[in-house]
$ cat my_file-v2.cif   # mmCIF, C-alpha atoms (C1' of nucleotides)
data_upload
#
loop_
_atom_site.label_atom_id
_atom_site.label_comp_id
_atom_site.auth_asym_id
_atom_site.auth_seq_id
_atom_site.Cartn_x
_atom_site.Cartn_y
_atom_site.Cartn_z
CA MET W 1389 0.00 0.00 0.00
CA ALA W 1390 1.24 3.46 -0.85
CA GLY W 1391 0.62 4.85 2.63
CA GLU W 1392 3.07 2.36 4.05
CA ARG W 1393 5.85 3.51 1.78
CA VAL W 1394 5.19 7.16 2.59
CA PHE W 1395 5.32 6.31 6.28
CA GLU W 1396 8.69 4.71 5.76
CA LEU W 1397 10.09 7.65 3.83
CA VAL W 1398 8.98 10.09 6.47
CA GLU W 1399 10.72 7.91 9.00
CA ARG W 1400 13.96 7.92 7.08
CA LEU W 1401 13.77 11.66 6.57
CA GLY W 1402 13.03 12.01 10.24
CA THR W 1403 16.12 9.99 11.11
CA LEU W 1404 18.23 12.29 8.98
CA VAL W 1405 16.77 15.45 10.43
CA ARG W 1406 17.21 14.03 13.88
CA SER W 1407 20.82 13.05 13.47
CA GLU W 1408 21.46 16.51 12.04
CA ARG W 1409 19.81 18.03 15.08
CA ARG W 1410 21.85 15.83 17.37
CA ARG W 1411 25.01 17.15 15.81
CA VAL W 1412 24.00 20.78 16.23
CA ALA W 1413 22.73 20.20 19.77
CA ARG W 1414 26.02 18.68 20.79
CA GLU W 1415 27.86 21.74 19.53
CA LEU W 1416 25.79 23.82 21.94
CA GLY W 1417 26.17 21.30 24.76
CA LEU W 1418 22.46 20.52 24.70
CA GLN W 1419 20.28 17.48 24.23
CA PRO W 1420 18.33 17.25 20.97
CA VAL W 1421 15.08 17.66 22.84
CA HIS W 1422 16.31 20.90 24.35
CA LEU W 1423 16.83 22.31 20.90
CA GLN W 1424 13.30 21.36 19.94
CA VAL W 1425 11.94 23.11 23.00
CA LEU W 1426 13.88 26.27 22.23
CA GLU W 1427 12.79 26.22 18.60
CA TYR W 1428 9.19 25.84 19.64
CA LEU W 1429 9.35 28.62 22.23
CA SER W 1430 10.95 30.96 19.73
CA ARG W 1431 8.06 30.53 17.33
CA CYS W 1432 4.96 30.14 19.49
CA ASN W 1433 2.53 32.89 20.42
CA ARG W 1434 1.63 34.21 23.86
CA TYR W 1435 -1.08 31.59 24.42
CA SER W 1436 1.32 28.74 23.83
CA ASN W 1437 4.43 29.36 25.89
CA THR W 1438 3.59 27.04 28.79
CA PRO W 1439 5.08 23.69 29.88
CA GLN W 1440 1.84 21.98 28.96
CA ALA W 1441 1.89 23.30 25.40
CA VAL W 1442 5.50 22.18 25.06
CA ALA W 1443 4.51 18.73 26.25
CA ALA W 1444 1.71 18.54 23.68
CA TYR W 1445 4.02 19.76 20.94
CA LEU W 1446 6.66 17.16 21.72
CA GLY W 1447 4.17 14.40 22.43
CA ALA W 1448 5.80 13.86 25.83
CA THR W 1449 4.40 13.80 29.34
CA LYS W 1450 4.37 16.85 31.55
CA GLY W 1451 6.74 15.18 34.00
CA THR W 1452 9.36 14.68 31.33
CA VAL W 1453 8.97 18.23 30.06
CA SER W 1454 9.24 19.57 33.57
CA GLN W 1455 12.66 18.00 33.91
CA SER W 1456 13.88 19.20 30.54
CA LEU W 1457 12.79 22.73 31.40
CA ALA W 1458 14.66 22.52 34.70
CA VAL W 1459 17.82 21.65 32.80
CA LEU W 1460 17.26 24.49 30.33
CA GLU W 1461 16.68 26.96 33.14
CA ARG W 1462 19.84 25.87 34.97
CA GLY W 1463 21.79 26.38 31.76
CA GLY W 1464 20.41 29.87 31.23
CA TRP W 1465 18.46 29.12 28.06
CA VAL W 1466 14.96 29.64 29.42
CA ARG W 1467 13.36 31.75 32.13
CA LYS W 1468 10.16 30.93 33.96
CA GLY W 1469 7.63 33.56 34.94
CA ALA W 1470 4.27 33.61 36.64
CA ASP W 1471 1.03 34.17 34.78
CA PRO W 1472 -0.68 37.31 36.11
CA ALA W 1473 -4.17 35.87 35.68
CA ASP W 1474 -3.74 32.23 36.73
CA GLY W 1475 -1.41 31.28 39.57
CA ARG W 1476 -1.03 27.72 38.35
CA VAL W 1477 0.35 28.63 34.96
CA VAL W 1478 4.07 29.05 34.22
CA ARG W 1479 5.07 31.31 31.33
CA LEU W 1480 8.26 30.44 29.48
CA ARG W 1481 10.61 32.84 27.72
CA ILE W 1482 13.84 32.00 25.97
CA THR W 1483 16.81 34.13 26.91
CA SER W 1484 18.71 36.33 24.50
CA ARG W 1485 21.51 33.82 24.65
CA ALA W 1486 19.15 31.14 23.30
CA GLU W 1487 17.89 33.52 20.63
CA ARG W 1488 21.39 34.15 19.37
CA ALA W 1489 22.13 30.43 19.28
CA LEU W 1490 18.98 29.71 17.30
CA GLU W 1491 19.85 32.44 14.82
CA ARG W 1492 23.24 30.98 14.10
CA LEU W 1493 21.61 27.61 13.78
CA GLY W 1494 19.03 28.92 11.32
CA ALA W 1495 21.74 30.48 9.21
CA LYS W 1496 23.52 27.15 9.06
CA ARG W 1497 20.37 25.25 8.31
CA GLY W 1498 19.87 27.33 5.18
CA LEU W 1499 23.10 25.82 3.90
CA ASN W 1500 22.11 22.19 3.96
CA GLN W 1501 19.08 22.55 1.81
CA PRO W 1502 18.30 19.64 -0.43
CA PRO W 1503 20.07 20.32 -3.71
CA GLY W 1504 19.00 19.01 -7.08
CA LEU W 1505 15.45 20.20 -6.58
CA SER W 1506 14.08 23.23 -8.37
CA ALA W 1507 12.27 25.98 -6.49
CA GLU W 1508 9.07 24.76 -8.10
CA ALA W 1509 9.67 21.19 -6.94
CA LEU W 1510 10.37 22.46 -3.43
CA ARG W 1511 7.10 24.38 -3.42
CA ARG W 1512 5.19 21.30 -4.51
CA ALA W 1513 6.97 19.18 -1.91
CA GLU W 1514 6.01 21.71 0.71
CA ALA W 1515 2.32 21.60 -0.20
CA MET W 1516 2.38 17.81 -0.29
CA LEU W 1517 4.02 17.52 3.10
CA ALA W 1518 1.62 20.04 4.60
CA ALA W 1519 -1.36 18.03 3.33
CA LEU W 1520 0.20 14.85 4.68
CA LEU W 1521 0.75 16.44 8.05
CA ARG W 1522 -2.82 17.72 8.23
CA GLY W 1523 -4.21 14.33 7.31
CA TRP W 1524 -2.19 12.51 9.93
CA GLN W 1525 -2.85 15.01 12.63
CA ALA W 1526 -6.57 14.90 11.98
CA ALA W 1527 -6.62 11.10 11.91
CA ASN W 1528 -4.78 10.82 15.20
CA ARG W 1529 -6.37 13.81 16.90
CA TYR W 1530 -3.07 15.42 17.59
CA ARG W 1531 -2.90 19.12 18.15
CA THR W 1532 -1.96 20.71 14.87
CA PHE W 1533 0.29 23.56 16.09
CA GLY W 1534 -0.18 25.67 12.99
CA VAL W 1535 0.14 29.44 12.72
CA CYS W 1536 -2.85 31.71 13.31
CA ARG W 1537 -2.99 32.60 9.63
CA THR W 1538 -4.31 29.11 8.85
CA CYS W 1539 -6.57 28.76 11.89
CA ARG W 1540 -10.34 28.52 11.88
CA HIS W 1541 -10.54 30.80 14.90
CA LEU W 1542 -8.82 33.76 13.24
CA LEU W 1543 -11.17 36.67 12.51
CA ARG W 1544 -10.19 39.19 9.85
CA GLU W 1545 -11.76 42.46 10.86
CA GLY W 1546 -10.18 44.62 8.22
CA PRO W 1547 -6.89 45.12 6.37
CA GLY W 1548 -4.14 44.31 8.87
CA ARG W 1549 -6.65 43.91 11.71
CA PHE W 1550 -7.04 40.48 13.27
CA ARG W 1551 -8.71 38.95 16.31
CA CYS W 1552 -8.64 35.48 17.87
CA GLY W 1553 -12.13 34.03 17.96
CA LEU W 1554 -11.31 31.99 21.05
CA THR W 1555 -9.77 34.59 23.34
CA ARG W 1556 -11.50 37.59 21.68
CA GLU W 1557 -8.18 39.41 21.82
CA ALA W 1558 -6.80 41.57 19.03
CA LEU W 1559 -3.73 40.21 17.25
CA ALA W 1560 -0.94 42.14 15.59
CA PRO W 1561 -0.27 41.07 11.99
CA ALA W 1562 3.10 39.62 13.00
CA GLU W 1563 1.40 37.52 15.65
CA THR W 1564 -0.67 35.71 13.04
CA GLU W 1565 2.56 34.09 11.87
CA GLN W 1566 3.24 32.45 15.22
CA VAL W 1567 2.48 28.92 16.29
CA CYS W 1568 -0.50 28.34 18.59
CA HIS W 1569 -1.41 25.30 20.63
CA GLU W 1570 -5.11 25.99 20.13
CA HIS W 1571 -4.68 25.95 16.37
CA GLU W 1572 -7.31 24.15 14.31
CA TYR W 1573 -7.66 23.96 10.55
CA PRO W 1574 -10.98 25.11 9.11
CA ALA W 1575 -13.61 22.40 8.64
CA ARG W 1576 -13.50 21.29 5.03
CA MET I 1091 13.40 30.17 1.72
CA ALA I 1092 11.39 27.17 0.60
CA GLY I 1093 13.92 24.63 1.88
CA GLU I 1094 13.52 25.96 5.38
CA ARG I 1095 9.78 25.36 5.36
CA VAL I 1096 10.23 21.84 4.02
CA PHE I 1097 12.72 21.15 6.76
CA GLU I 1098 10.19 22.26 9.32
CA LEU I 1099 7.42 20.12 7.88
CA VAL I 1100 9.62 17.07 7.87
CA GLU I 1101 10.38 17.78 11.49
CA ARG I 1102 6.74 18.00 12.43
CA LEU I 1103 5.96 14.82 10.53
CA GLY I 1104 8.90 13.21 12.23
CA THR I 1105 7.55 14.20 15.62
CA LEU I 1106 4.22 12.60 14.80
CA VAL I 1107 5.76 9.41 13.52
CA ARG I 1108 7.96 9.29 16.56
CA SER I 1109 5.21 9.77 19.08
CA GLU I 1110 3.24 7.09 17.26
CA ARG I 1111 6.22 4.77 17.48
CA ARG I 1112 6.63 5.57 21.15
CA ARG I 1113 3.07 4.48 21.78
CA VAL I 1114 3.50 1.18 19.97
CA ALA I 1115 6.88 0.53 21.58
CA ARG I 1116 5.41 0.99 25.02
CA GLU I 1117 2.75 -1.58 24.25
CA LEU I 1118 5.52 -4.07 23.61
CA GLY I 1119 7.51 -2.94 26.65
CA LEU I 1120 10.31 -1.65 24.42
CA GLN I 1121 12.08 1.62 23.85
CA PRO I 1122 11.34 3.41 20.57
CA VAL I 1123 14.89 2.83 19.40
CA HIS I 1124 14.48 -0.90 19.94
CA LEU I 1125 11.57 -0.91 17.55
CA GLN I 1126 13.64 0.87 14.94
CA VAL I 1127 16.39 -1.70 15.31
CA LEU I 1128 13.96 -4.57 14.90
CA GLU I 1129 12.33 -2.95 11.88
CA TYR I 1130 15.70 -2.45 10.27
CA LEU I 1131 16.87 -6.00 10.96
CA SER I 1132 13.66 -7.43 9.55
CA ARG I 1133 14.22 -5.65 6.26
CA CYS I 1134 17.96 -5.64 5.71
CA ASN I 1135 19.91 -8.11 3.60
CA ARG I 1136 22.63 -10.52 4.67
CA TYR I 1137 25.40 -7.96 4.20
CA SER I 1138 23.75 -5.49 6.55
CA ASN I 1139 22.78 -7.34 9.72
CA THR I 1140 25.69 -6.20 11.87
CA PRO I 1141 25.89 -3.81 14.83
CA GLN I 1142 27.88 -1.39 12.75
CA ALA I 1143 25.26 -1.21 10.02
CA VAL I 1144 22.58 -0.66 12.65
CA ALA I 1145 24.64 2.20 14.07
CA ALA I 1146 25.00 3.80 10.64
CA TYR I 1147 21.28 3.38 9.98
CA LEU I 1148 20.31 5.04 13.25
CA GLY I 1149 23.04 7.65 13.09
CA ALA I 1150 24.19 6.57 16.56
CA THR I 1151 27.58 5.50 17.87
CA LYS I 1152 28.59 1.85 18.07
CA GLY I 1153 28.79 2.05 21.84
CA THR I 1154 25.17 3.13 22.11
CA VAL I 1155 24.05 0.47 19.68
CA SER I 1156 25.99 -2.17 21.55
CA GLN I 1157 23.99 -1.40 24.68
CA SER I 1158 20.66 -1.38 22.90
CA LEU I 1159 21.46 -4.73 21.35
CA ALA I 1160 22.35 -6.11 24.78
CA VAL I 1161 18.91 -5.08 26.02
CA LEU I 1162 17.22 -6.61 23.00
CA GLU I 1163 19.13 -9.84 23.45
CA ARG I 1164 18.24 -10.06 27.13
CA GLY I 1165 14.59 -9.58 26.20
CA GLY I 1166 14.67 -12.36 23.61
CA TRP I 1167 14.09 -10.14 20.58
CA VAL I 1168 17.46 -10.58 18.90
CA ARG I 1169 20.10 -13.30 18.73
CA LYS I 1170 23.77 -12.75 18.07
CA GLY I 1171 25.83 -15.13 16.00
CA ALA I 1172 29.40 -15.31 14.79
CA ASP I 1173 30.41 -14.62 11.23
CA PRO I 1174 32.06 -17.72 9.71
CA ALA I 1175 34.51 -15.70 7.62
CA ASP I 1176 35.46 -12.84 9.97
CA GLY I 1177 35.85 -13.40 13.69
CA ARG I 1178 35.33 -9.75 14.53
CA VAL I 1179 31.90 -9.51 12.98
CA VAL I 1180 28.66 -10.20 14.85
CA ARG I 1181 25.65 -11.30 12.84
CA LEU I 1182 22.22 -10.29 14.13
CA ARG I 1183 18.96 -12.17 13.66
CA ILE I 1184 15.58 -11.22 15.04
CA THR I 1185 13.71 -13.99 16.82
CA SER I 1186 10.36 -15.36 15.70
CA ARG I 1187 8.83 -13.55 18.65
CA ALA I 1188 10.07 -10.24 17.24
CA GLU I 1189 8.83 -11.18 13.80
CA ARG I 1190 5.34 -11.81 15.10
CA ALA I 1191 5.32 -8.50 16.98
CA LEU I 1192 6.40 -6.60 13.87
CA GLU I 1193 3.70 -8.26 11.84
CA ARG I 1194 0.96 -7.18 14.22
CA LEU I 1195 2.48 -3.73 14.19
CA GLY I 1196 2.50 -3.58 10.41
CA ALA I 1197 -1.11 -4.58 10.27
CA LYS I 1198 -2.00 -1.78 12.63
CA ARG I 1199 0.10 0.75 10.79
CA GLY I 1200 -1.96 0.16 7.68
CA LEU I 1201 -4.91 1.51 9.58
CA ASN I 1202 -3.57 4.92 10.39
CA GLN I 1203 -2.83 5.93 6.86
CA PRO I 1204 -3.33 9.56 6.03
CA PRO I 1205 -6.90 9.90 4.83
CA GLY I 1206 -8.17 12.60 2.52
CA LEU I 1207 -5.45 11.89 0.00
CA SER I 1208 -6.09 10.08 -3.24
CA ALA I 1209 -3.97 7.14 -4.33
CA GLU I 1210 -2.52 9.38 -7.02
CA ALA I 1211 -1.63 12.07 -4.49
CA LEU I 1212 0.01 9.45 -2.30
CA ARG I 1213 2.09 8.23 -5.24
CA ARG I 1214 3.25 11.76 -5.98
CA ALA I 1215 4.02 12.37 -2.32
CA GLU I 1216 6.07 9.21 -2.30
CA ALA I 1217 8.16 10.25 -5.30
CA MET I 1218 8.65 13.71 -3.83
CA LEU I 1219 9.77 12.39 -0.47
CA ALA I 1220 12.12 9.91 -2.10
CA ALA I 1221 13.76 12.70 -4.14
CA LEU I 1222 14.03 14.82 -1.00
CA LEU I 1223 15.65 11.97 0.88
CA ARG I 1224 18.15 11.31 -1.88
CA GLY I 1225 19.09 14.97 -2.06
CA TRP I 1226 19.67 15.26 1.64
CA GLN I 1227 21.55 12.03 1.94
CA ALA I 1228 23.83 12.98 -0.92
CA ALA I 1229 24.43 16.46 0.50
CA ASN I 1230 25.34 15.14 3.92
CA ARG I 1231 27.13 12.00 2.78
CA TYR I 1232 24.92 9.74 4.79
CA ARG I 1233 24.55 6.15 3.82
CA THR I 1234 21.39 5.82 1.77
CA PHE I 1235 20.13 2.42 2.94
CA GLY I 1236 18.03 1.77 -0.13
CA VAL I 1237 16.99 -1.60 -1.51
CA CYS I 1238 19.17 -3.45 -4.03
CA ARG I 1239 16.66 -2.82 -6.80
CA THR I 1240 17.67 0.86 -6.84
CA CYS I 1241 21.41 0.36 -6.31
CA ARG I 1242 24.17 1.15 -8.77
CA HIS I 1243 25.95 -2.06 -7.86
CA LEU I 1244 23.13 -4.38 -8.88
CA LEU I 1245 23.86 -6.38 -12.03
CA ARG I 1246 20.95 -7.77 -14.03
CA GLU I 1247 22.23 -10.92 -15.70
CA GLY I 1248 18.94 -12.07 -17.13
CA PRO I 1249 15.26 -12.36 -16.28
CA GLY I 1250 15.10 -13.02 -12.52
CA ARG I 1251 18.88 -13.37 -12.26
CA PHE I 1252 20.77 -10.79 -10.23
CA ARG I 1253 24.25 -10.29 -8.85
CA CYS I 1254 25.81 -7.77 -6.49
CA GLY I 1255 28.63 -5.93 -8.23
CA LEU I 1256 30.43 -5.38 -4.94
CA THR I 1257 30.45 -8.88 -3.45
CA ARG I 1258 30.09 -10.68 -6.82
CA GLU I 1259 27.51 -12.94 -5.20
CA ALA I 1260 24.26 -14.04 -6.86
CA LEU I 1261 21.09 -12.58 -5.38
CA ALA I 1262 17.64 -14.13 -5.30
CA PRO I 1263 14.91 -11.87 -6.72
CA ALA I 1264 13.40 -11.47 -3.26
CA GLU I 1265 16.74 -10.32 -1.91
CA THR I 1266 16.79 -7.36 -4.27
CA GLU I 1267 13.92 -5.90 -2.22
CA GLN I 1268 15.96 -5.81 0.98
CA VAL I 1269 17.80 -2.88 2.51
CA CYS I 1270 21.58 -2.80 2.17
CA HIS I 1271 24.11 -0.67 4.00
CA GLU I 1272 26.34 -0.54 0.93
CA HIS I 1273 23.52 0.88 -1.13
CA GLU I 1274 24.31 3.74 -3.51
CA TYR I 1275 22.09 5.40 -6.05
CA PRO I 1276 23.34 5.45 -9.63
CA ALA I 1277 25.37 8.48 -10.64
CA ARG I 1278 23.09 10.93 -12.42
"C1'" DT V 1195 -16.79 24.77 52.18
"C1'" DT V 1196 -16.18 20.84 50.15
"C1'" DT V 1197 -15.16 18.52 45.95
"C1'" DG V 1198 -13.19 18.05 41.74
"C1'" DT V 1199 -10.14 19.76 38.09
"C1'" DT V 1200 -6.03 21.66 36.18
"C1'" DA V 1201 -0.89 23.06 35.96
"C1'" DG V 1202 3.34 21.68 37.42
"C1'" DT V 1203 6.89 19.29 40.27
"C1'" DT V 1204 9.15 15.37 42.31
"C1'" DT V 1205 10.74 10.68 42.63
"C1'" DC V 1206 11.97 6.23 40.90
"C1'" DG V 1207 13.94 2.83 37.80
"C1'" DA V 1208 15.31 1.41 33.25
"C1'" DG V 1209 17.32 3.06 29.38
"C1'" DT V 1210 19.77 6.44 25.97
"C1'" DC V 1211 23.74 8.59 24.40
"C1'" DG V 1212 28.58 10.11 23.48
"C1'" DA V 1213 33.33 9.75 24.71
"C1'" DA V 1214 37.04 7.26 25.79
"C1'" DA V 1215 39.40 3.22 27.07
"C1'" DC V 1216 39.65 -1.53 26.08
"C1'" DT V 1217 39.72 -6.46 23.69
"C1'" DA V 1218 40.04 -9.30 19.86
"C1'" DT V 1219 40.58 -10.17 15.13
"C1'" DC V 1220 42.10 -9.24 10.55
"C1'" DG V 1221 45.40 -7.30 6.74
"C1'" DT V 1222 49.61 -5.64 5.35
"C1'" DC V 1223 54.21 -4.67 5.03
"C1'" DC V 1224 58.82 -5.58 5.87
"C1'" DG U 1093 56.54 -14.64 10.68
"C1'" DG U 1094 56.20 -10.75 13.62
"C1'" DA U 1095 55.08 -5.93 14.24
"C1'" DC U 1096 51.85 -2.46 13.20
"C1'" DG U 1097 47.71 -0.41 12.13
"C1'" DA U 1098 42.94 -0.76 11.03
"C1'" DT U 1099 38.45 -2.64 12.07
"C1'" DA U 1100 34.35 -4.67 14.89
"C1'" DG U 1101 32.53 -4.69 19.22
"C1'" DT U 1102 32.23 -4.16 24.32
"C1'" DT U 1103 32.61 -1.75 28.62
"C1'" DT U 1104 32.44 2.13 31.73
"C1'" DC U 1105 31.08 6.66 33.17
"C1'" DG U 1106 28.11 10.63 33.87
"C1'" DA U 1107 24.34 13.50 32.42
"C1'" DC U 1108 20.04 13.16 30.67
"C1'" DT U 1109 15.36 11.08 28.90
"C1'" DC U 1110 11.10 9.05 29.66
"C1'" DG U 1111 6.74 7.23 31.75
"C1'" DA U 1112 4.20 6.32 35.84
"C1'" DA U 1113 2.62 7.59 39.97
"C1'" DA U 1114 2.42 10.36 43.95
"C1'" DC U 1115 2.33 14.98 45.26
"C1'" DT U 1116 1.45 20.39 45.78
"C1'" DA U 1117 -0.87 24.46 44.73
"C1'" DA U 1118 -4.28 27.20 42.59
"C1'" DC U 1119 -8.62 27.57 40.54
"C1'" DA U 1120 -13.83 26.48 39.70
"C1'" DA U 1121 -18.20 25.00 40.72
"C1'" DA U 1122 -21.76 23.23 43.51
#
$ encode --input "my_file-v2.cif" --output "structure tokens"
Amino acid sequence: MAGERVFELVERLGTLVRSERRRVARELGLQPVHLQVLEYLSRCNRYSNTPQAVAAYLGATKGTVSQSLAVLERGGWVRKGADPADGRVVRLRITSRAERALERLGAKRGLNQPPGLSAEALRRAEAMLAALLRGWQAANRYRTFGVCRTCRHLLREGPGRFRCGLTREALAPAETEQVCHEHEYPAR
Amino acid sequence: MAGERVFELVERLGTLVRSERRRVARELGLQPVHLQVLEYLSRCNRYSNTPQAVAAYLGATKGTVSQSLAVLERGGWVRKGADPADGRVVRLRITSRAERALERLGAKRGLNQPPGLSAEALRRAEAMLAALLRGWQAANRYRTFGVCRTCRHLLREGPGRFRCGLTREALAPAETEQVCHEHEYPAR
DNA sequence: TTTGTTAGTTTCGAGTCGAAACTATCGTCC
DNA sequence: GGACGATAGTTTCGACTCGAAACTAACAAA
């Protein structure tokens, strides 16, 4: 069956990406998972920077994430803060040190792009992978972690004026490009 | 840049596949990596069933793999044997117990195929992913771990008659569908 | 006020992982 | 044939992951 083969290819690609990440993480003296946490926190919006959201994103338990965050905090990569509205909630922010590290990493990552593929082929691959991801996430009821721009809850109130239909809060245009743990694709 | 976005999508897909694998592994009382090892050993050919090949496949060090294999052997999933020609080499075989477990797993995996994609779309996705994988592997000089059928070393000596150009040995048709650690795509 | 829920932390044991030191075997070169 | 170097694996160490379960604290509702 074709789905089987696709599954396998994604696995192999995943192995490659992972071993690449492992290499980079070691350079920074971090575990691969730490890098994933930092990458997520650097791209998520203000509703999604909690330990719980990180756990959902990684598909790990909250206990595990709690420990990883402790390590990251000790190392000066992440700072924890209290939520003004809810005393139970912890708000996570990456430090400027982590930001700089991620920037260097992003610059490097641009270098190891798959060669031998035209820009057009890359665009098609991107669309295909996105569809694949949506299908799988829907089938397995995972959180989708998309950006607001593609979310069913986003309200467009005018040119450059946005609002989240869930929280009723206004969103800056730049914020609609961030990842949200409440993200849902529109019903088709 | 488009490559960046593709990289990200592959990562997200990888996370999904991994958390799915974690679930299945836990059912069997195994670590996710153990499952990967068993899957590899069930599909590789007779040149590729060594600890070193497993390490290359996983992108891990031989020390790490050695420990994982010890765990798998203790649990009765894998058996080690000596190589008749080279006293340094260990040959790995999965037990019938492991084979049965993988079969049940494969049957299940068929169920969680991405829905909402036509057979044609799946075929295109497959080709796209394969090209992506080849590009990345070539760029980073990773071993490709393809099946003999797609290898530059495979010699076709007649209908249903094959030979490996590296080892000079004859290969049964079924063997040309197995994964090899010496695999290389033809020069383009 | 009690009861239940939610967000996080802590603890435990088995295992991962890389690095480095180590053993054993195989080729090669003189 | 013996020395040397390469190769295949194993072992050891320390920091960390991971899930499960017990736990704390804050919130919510009845």
$ closest_atom_pairs --input "my_file-v2.cif" --of "chain I" --to "chain U" --cutoff "9 Å" --atoms "all atoms listed in the file" --output "JSON lines"
{"residue": "I:Pro1141", "atom": "CA", "partner": "U:DG1101", "partner_atom": "C1'", "distance": 8.0}
{"residue": "I:Gln1142", "atom": "CA", "partner": "U:DA1100", "partner_atom": "C1'", "distance": 7.6}
{"residue": "I:Lys1152", "atom": "CA", "partner": "U:DG1101", "partner_atom": "C1'", "distance": 7.7}
{"residue": "I:Gly1153", "atom": "CA", "partner": "U:DT1102", "partner_atom": "C1'", "distance": 7.5}
{"residue": "I:Ser1156", "atom": "CA", "partner": "U:DT1102", "partner_atom": "C1'", "distance": 7.1}
{"residue": "I:Gln1157", "atom": "CA", "partner": "U:DT1102", "partner_atom": "C1'", "distance": 8.7}
{"residue": "I:Gly1177", "atom": "CA", "partner": "U:DA1100", "partner_atom": "C1'", "distance": 8.9}
{"residue": "I:Arg1178", "atom": "CA", "partner": "U:DA1100", "partner_atom": "C1'", "distance": 5.2}
{"residue": "I:Val1179", "atom": "CA", "partner": "U:DA1100", "partner_atom": "C1'", "distance": 5.8}
{"residue": "I:Val1180", "atom": "CA", "partner": "U:DA1100", "partner_atom": "C1'", "distance": 7.9}
$ atom_distance --input "my_file-v2.cif" --atom1 "CA of Arg1488 (chain W)" --atom2 "CA of Glu1408 (chain W)"
19.1 Å
$ residues_around --input "my_file-v2.cif" --residues "Val1127 (chain I)" --least-positions-apart "6" --cutoff "9 Å" --atoms "all atoms listed in the file" --output "list in words"
Val1144, Tyr1147, Leu1148, Ser1158 and Leu1159 of chain I
$ write_last_selection --input "my_file-v2.cif" --atoms "C-alpha atoms" --output "PDB file, keeping the file's coordinate frame"
ATOM      1  CA  VAL I1144      22.580  -0.660  12.650  1.00  0.00           C
ATOM      2  CA  TYR I1147      21.280   3.380   9.980  1.00  0.00           C
ATOM      3  CA  LEU I1148      20.310   5.040  13.250  1.00  0.00           C
ATOM      4  CA  SER I1158      20.660  -1.380  22.900  1.00  0.00           C
ATOM      5  CA  LEU I1159      21.460  -4.730  21.350  1.00  0.00           C
TER       6      LEU I1159
END
$ atom_distance --input "my_file-v2.cif" --atom1 "CA of Trp1465 (chain W)" --atom2 "CA of Phe1533 (chain W)"
22.5 Å
$ atom_distance --input "my_file-v2.cif" --atom1 "CA of Tyr1573 (chain W)" --atom2 "CA of Cys1432 (chain W)"
16.7 Å
$ resolve_selection --input "my_file-v2.cif" --expression "the PyMOL selection byres ((chain V) within 12 of (chain W))" --output "MDAnalysis selection string"
chainID V and resid 1200:1205 1210:1212
$ resolve_selection --input "my_file-v2.cif" --expression "the PyMOL selection byres ((chain W and resi 1422) around 9)" --output "VMD selection string"
chain W and resid 1413 1418 to 1421 1423 to 1427 1456 to 1457 1459 to 1460
$ resolve_selection --input "my_file-v2.cif" --expression "the PyMOL selection byres ((chain I and resi 1097-1103) around 8)" --output "VMD selection string"
(chain W and resid 1398 1401 to 1402 1405 1514 1517 to 1518 1521) or (chain I and resid 1093 to 1096 1104 to 1107)
$ residues_around --input "my_file-v2.cif" --residues "Ala1486 (chain W)" --least-positions-apart "4" --cutoff "9 Å" --atoms "only C-alpha atoms (C1' of nucleotides)" --output "ChimeraX atom specification"
/W:1426,1430,1464-1466,1482,1490-1491
$ closest_residue --input "my_file-v2.cif" --among "W:Arg1522, W:Arg1544, W:Arg1551, W:Arg1492" --to "chain I" --atoms "all atoms listed in the file"
W:Arg1522
$ axis_aligned_box --input "my_file-v2.cif" --around "region 1201-1219 of chain V" --padding-each-side "6 Å" --output "lines of an AutoDock Vina configuration file"
center_x = 19.8
center_y = 6.4
center_z = 28.9
size_x = 53.5
size_y = 45.2
size_z = 39.5
$ closest_residue --input "my_file-v2.cif" --among "I:Cys1254, I:Ala1217, I:Ala1260, I:Ala1175" --to "chain W" --atoms "all atoms listed in the file"
I:Ala1217
$ closest_residue --input "my_file-v2.cif" --among "W:Asn1437, W:Gln1525, W:Thr1452, W:Thr1483" --to "chain I" --atoms "only C-alpha atoms"
W:Gln1525
$ closest_residue --input "my_file-v2.cif" --among "I:Arg1136, I:Asp1173, I:Ala1191, I:Arg1183" --to "DT1219 (chain V)" --atoms "all atoms listed in the file"
I:Asp1173
$ closest_residue --input "my_file-v2.cif" --among "I:Ala1264, I:Cys1270, I:Cys1238, I:Ala1221" --to "chain W" --atoms "only C-alpha atoms"
I:Ala1221
$ decode --input "my_file-v2.cif" --residues "region 1476-1487 of chain W" --atoms "C-alpha atoms" --output "short mmCIF file (atom, residue, chain, number, x, y, z; two decimals), in the first residue's frame"
data_model
loop_
_atom_site.label_atom_id
_atom_site.label_comp_id
_atom_site.auth_asym_id
_atom_site.auth_seq_id
_atom_site.Cartn_x
_atom_site.Cartn_y
_atom_site.Cartn_z
CA ARG W 1476 -1.03 27.72 38.35
CA VAL W 1477 0.35 28.63 34.96
CA VAL W 1478 4.07 29.05 34.22
CA ARG W 1479 5.07 31.31 31.33
CA LEU W 1480 8.26 30.44 29.48
CA ARG W 1481 10.61 32.84 27.72
CA ILE W 1482 13.84 32.00 25.97
CA THR W 1483 16.81 34.13 26.91
CA SER W 1484 18.71 36.33 24.50
CA ARG W 1485 21.51 33.82 24.65
CA ALA W 1486 19.15 31.14 23.30
CA GLU W 1487 17.89 33.52 20.63
#
